[in-house]
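**Q** Here it is, the structure, as structure tokens.
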Amino acid sequence: MSVIHDLGYRHYDGPRAGSRAVARALYVDSLKSAFGLGRTPKAKIMPTFLLVAMVLPPVIIAIVISTANLDHLPGNYTDYIVKTQALTGLFVAAAAPASVSRDLRFRVVALYFSRPLRRIEYVTAKYAALTSAAFLLMAIPLVVMYVGALLAKLPVHQETPNFLRSLAGAAVTAVLVAGVALVIAAMTPRRGVGVAAIIVTLTVLSGVSGVITGTATDHGKASTAAYGSLVNPFFLAHGIQHSLFGGPYTFDYPPPGATGGAIFTLVGVAIAGGCYLVMLARYRRVTI
């Protein structure tokens, strides 16, 4: 004879957060994951090493200007972003596949899309998370450098505009580099392949940029040499920052005038928008 037991289960009748809350939680989790938070100790090694490598030189610079009583920073804020592009490239190369390739490999994406989360919200959350992580990686050492300059009693009216310009440049750089890295990582479920492909792509783009600039310089075409920076996302972001926000330019050939600045800006917008659209197209093909 069967017996019916009342276990006391009840349906949930409270408020439901909806897809925006899911996207917000995905963004926070992906941002933390980029720095190894909430993951295994092994996963924390690379982001911790890169963050320390980014922050250590500004700490040394802050100590030097304080003890030597210098009246200016050795270098500038925007120059630091360009010179540490290899570290930023390694960071996004490690973080992008960990963010999206694993979801594809273990078929987690299908579980996401079986809930209220839409594909556009998934792509937006992942793009925003990696952009934020890359921005933090570049912004933290800039903040350290700025605080060190103020503690050394360098003129606030001189340091603040340059610092703010560098933050804007870091934001532009983060958007471009994160977009390129995510597009590559989303094309393969294998994390190792994604890491290698991103590193190779960024290295090749840097080399091509140098070849274009060098060839144009050798032929005496200075205006053309500046456009070699369009190929490298780091140099492109630096050119956009210089054109829109001013400040020093690291290389010999800045974007030529207002026309050059407009071209750099339009190319940057096209790359960021194109990466976002490619990501959307990629995840529209993922079935539940």
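Going by the structure tokens order, chains are called A, B, ..., each with residues numbered from 1, while ligands are numbered from 1 in the order shown.
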For segment 172-178 of chain A, find every residue with an atom within 8 Å (counting only C-alpha atoms), except residues of its own chain fewer than 3 positions away, and show them as a list of chain:residue names.
**A** A:Gly89, A:Val92, A:Ala96, A:Tyr127, A:Leu130, A:Thr131, A:Ser132, A:Ala134, A:Phe135, A:Ala168, A:Gly169, A:Ala181, A:Leu182, A:Pro233, A:Phe234, A:Ala237, A:His238, A:Ile240, A:Gln241, A:Gly268, A:Ile271, A:Ala272
**Q** With C-alpha atoms retained, could you export that selection as a CSV table (one decimal), in the first residue's frame?
**A**
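Listed below is the output, part_32.csv:
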chain,number,residue,atom,x,y,z
A,89,GLY,CA,48.2,41.7,-24.2
A,92,VAL,CA,43.7,39.6,-22.1
A,96,ALA,CA,39.4,36.0,-22.8
A,127,TYR,CA,32.6,42.2,-23.4
A,130,LEU,CA,36.9,41.8,-20.0
A,131,THR,CA,37.0,45.5,-20.9
A,132,SER,CA,36.7,46.5,-17.2
A,134,ALA,CA,41.8,45.3,-18.8
A,135,PHE,CA,41.0,48.8,-17.8
A,168,ALA,CA,40.7,57.9,-21.1
A,169,GLY,CA,43.4,56.3,-23.2
A,181,ALA,CA,40.6,39.0,-27.8
A,182,LEU,CA,37.0,37.9,-27.3
A,233,PRO,CA,45.0,48.2,-31.4
A,234,PHE,CA,47.3,49.7,-28.7
A,237,ALA,CA,44.0,53.7,-29.0
A,238,HIS,CA,47.0,55.9,-28.2
A,240,ILE,CA,42.6,58.3,-30.5
A,241,GLN,CA,43.6,59.4,-27.0
A,268,GLY,CA,38.4,52.5,-33.5
A,271,ILE,CA,36.7,47.8,-34.7
A,272,ALA,CA,34.9,47.9,-31.4
**Q** Can you measure atom CA of Leu266 of chain A to atom CA of Ser229 of chain A for me? One decimal in Å is fine.
**A**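 Taking atom CA of Leu266 of chain A and atom CA of Ser229 of chain A, their separation equals 13.5 Å.
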**Q** Measuring atom to atom with only C-alpha atoms, identify which of A:Leu167, A:Ala149, A:Ile184, A:Ile120 is nearest to Gly247 of chain A.
**A**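 Checking each candidate against Gly247 of chain A, we get A:Leu167 as the closest.
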**Q** Find, counting only C-alpha atoms, the residue in A:Thr48, A:Ser114, A:Ser66, A:Thr124 that gets nearest to Ser30 of chain A.
**A**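 Checking each candidate against Ser30 of chain A, we get A:Thr124 as the closest.
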**Q** How far is it from atom CA of Val183 of chain A to atom CA of Met279 of chain A, in Å with one decimal?
**A**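 So the two atoms, atom CA of Val183 of chain A and atom CA of Met279 of chain A, lie 6.0 Å apart.
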**Q** Return the single residue from A:Phe91, A:Tyr227, A:Tyr27, A:Phe163 that is closest to Ser209 of chain A, with distances computed using only C-alpha atoms.
**A** A:Tyr227
**Q** Would you kindly return, as a list in words, each protein, DNA or RNA residue with an atom no farther than 12 Å from any atom of Asn76 of chain A, considering only C-alpha atoms and excluding same-chain residues fewer than 2 positions away?
**A** Pro58, Ile61, His72, Leu73, Pro74, Thr78, Asp79, Tyr80, Ile81, Val82, Lys83, Leu142, Met145, Tyr146, Ala149, Gln158, Glu159, Thr160, Pro161, Asn162, Phe163, Leu164, Arg165, Ser166, Gly247, Pro248, Tyr249 and Thr250 of chain A
**Q** May I have the selected residues written with N, CA and C atoms, as an mmCIF file, in the first residue's frame?
**A**
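Result file is again26.cif:
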data_model
loop_
_atom_site.group_PDB
_atom_site.id
_atom_site.type_symbol
_atom_site.label_atom_id
_atom_site.label_comp_id
_atom_site.auth_asym_id
_atom_site.auth_seq_id
_atom_site.Cartn_x
_atom_site.Cartn_y
_atom_site.Cartn_z
ATOM 1 N N PRO A 58 55.572 51.818 -11.285
ATOM 2 C CA PRO A 58 55.071 53.076 -10.710
ATOM 3 C C PRO A 58 55.419 53.251 -9.231
ATOM 4 N N ILE A 61 58.906 54.407 -9.272
ATOM 5 C CA ILE A 61 58.933 55.797 -9.734
ATOM 6 C C ILE A 61 58.497 56.740 -8.614
ATOM 7 N N HIS A 72 59.476 66.572 -11.771
ATOM 8 C CA HIS A 72 58.626 66.019 -12.820
ATOM 9 C C HIS A 72 58.744 64.496 -12.799
ATOM 10 N N LEU A 73 57.777 63.836 -13.393
ATOM 11 C CA LEU A 73 57.811 62.384 -13.488
ATOM 12 C C LEU A 73 58.803 61.951 -14.566
ATOM 13 N N PRO A 74 59.550 60.871 -14.336
ATOM 14 C CA PRO A 74 60.398 60.323 -15.401
ATOM 15 C C PRO A 74 59.529 59.568 -16.413
ATOM 16 N N THR A 78 50.517 58.379 -20.263
ATOM 17 C CA THR A 78 50.094 57.705 -21.489
ATOM 18 C C THR A 78 51.226 56.879 -22.086
ATOM 19 N N ASP A 79 52.446 57.335 -21.920
ATOM 20 C CA ASP A 79 53.590 56.588 -22.407
ATOM 21 C C ASP A 79 53.700 55.241 -21.702
ATOM 22 N N TYR A 80 53.301 55.200 -20.433
ATOM 23 C CA TYR A 80 53.396 53.955 -19.668
ATOM 24 C C TYR A 80 52.449 52.895 -20.220
ATOM 25 N N ILE A 81 51.266 53.307 -20.660
ATOM 26 C CA ILE A 81 50.305 52.351 -21.218
ATOM 27 C C ILE A 81 50.873 51.693 -22.464
ATOM 28 N N VAL A 82 51.511 52.488 -23.317
ATOM 29 C CA VAL A 82 52.069 51.960 -24.557
ATOM 30 C C VAL A 82 53.230 51.022 -24.273
ATOM 31 N N LYS A 83 54.089 51.394 -23.334
ATOM 32 C CA LYS A 83 55.280 50.601 -23.060
ATOM 33 C C LYS A 83 54.964 49.282 -22.353
ATOM 34 N N LEU A 142 48.489 53.540 -13.031
ATOM 35 C CA LEU A 142 48.402 54.975 -13.294
ATOM 36 C C LEU A 142 47.991 55.729 -12.028
ATOM 37 N N MET A 145 50.975 55.924 -9.782
ATOM 38 C CA MET A 145 51.900 56.940 -10.267
ATOM 39 C C MET A 145 51.398 58.345 -9.924
ATOM 40 N N TYR A 146 50.098 58.542 -10.087
ATOM 41 C CA TYR A 146 49.507 59.852 -9.805
ATOM 42 C C TYR A 146 49.584 60.188 -8.318
ATOM 43 N N ALA A 149 53.042 61.108 -7.452
ATOM 44 C CA ALA A 149 53.376 62.463 -7.893
ATOM 45 C C ALA A 149 52.826 63.504 -6.926
ATOM 46 N N GLN A 158 49.242 70.394 -13.043
ATOM 47 C CA GLN A 158 50.034 69.819 -14.128
ATOM 48 C C GLN A 158 49.803 68.323 -14.254
ATOM 49 N N GLU A 159 49.684 67.630 -13.139
ATOM 50 C CA GLU A 159 49.573 66.179 -13.147
ATOM 51 C C GLU A 159 48.156 65.699 -13.441
ATOM 52 N N THR A 160 47.151 66.397 -12.917
ATOM 53 C CA THR A 160 45.772 65.916 -13.042
ATOM 54 C C THR A 160 45.289 65.794 -14.483
ATOM 55 N N PRO A 161 45.482 66.815 -15.344
ATOM 56 C CA PRO A 161 45.021 66.653 -16.737
ATOM 57 C C PRO A 161 45.687 65.482 -17.455
ATOM 58 N N ASN A 162 46.989 65.309 -17.249
ATOM 59 C CA ASN A 162 47.684 64.197 -17.892
ATOM 60 C C ASN A 162 47.198 62.848 -17.360
ATOM 61 N N PHE A 163 46.918 62.802 -16.063
ATOM 62 C CA PHE A 163 46.409 61.569 -15.464
ATOM 63 C C PHE A 163 45.037 61.214 -16.024
ATOM 64 N N LEU A 164 44.156 62.193 -16.121
ATOM 65 C CA LEU A 164 42.812 61.939 -16.646
ATOM 66 C C LEU A 164 42.865 61.527 -18.114
ATOM 67 N N ARG A 165 43.773 62.151 -18.887
ATOM 68 C CA ARG A 165 43.929 61.746 -20.294
ATOM 69 C C ARG A 165 44.382 60.296 -20.386
ATOM 70 N N SER A 166 45.272 59.919 -19.490
ATOM 71 C CA SER A 166 45.767 58.540 -19.530
ATOM 72 C C SER A 166 44.663 57.544 -19.188
ATOM 73 N N GLY A 247 47.523 65.864 -24.977
ATOM 74 C CA GLY A 247 48.593 65.248 -24.212
ATOM 75 C C GLY A 247 49.727 64.790 -25.109
ATOM 76 N N PRO A 248 50.818 64.320 -24.513
ATOM 77 C CA PRO A 248 51.994 63.920 -25.294
ATOM 78 C C PRO A 248 51.730 62.674 -26.128
ATOM 79 N N TYR A 249 52.462 62.580 -27.241
ATOM 80 C CA TYR A 249 52.355 61.417 -28.121
ATOM 81 C C TYR A 249 53.692 60.694 -28.113
ATOM 82 N N THR A 250 53.663 59.380 -27.938
ATOM 83 C CA THR A 250 54.887 58.613 -27.728
ATOM 84 C C THR A 250 55.724 58.477 -28.992
#
**Q** Counting only C-alpha atoms, which residue out of A:Glu121, A:Leu87, A:Leu151, A:Ala95 sits closest to Ser19 of chain A?
**A** A:Glu121
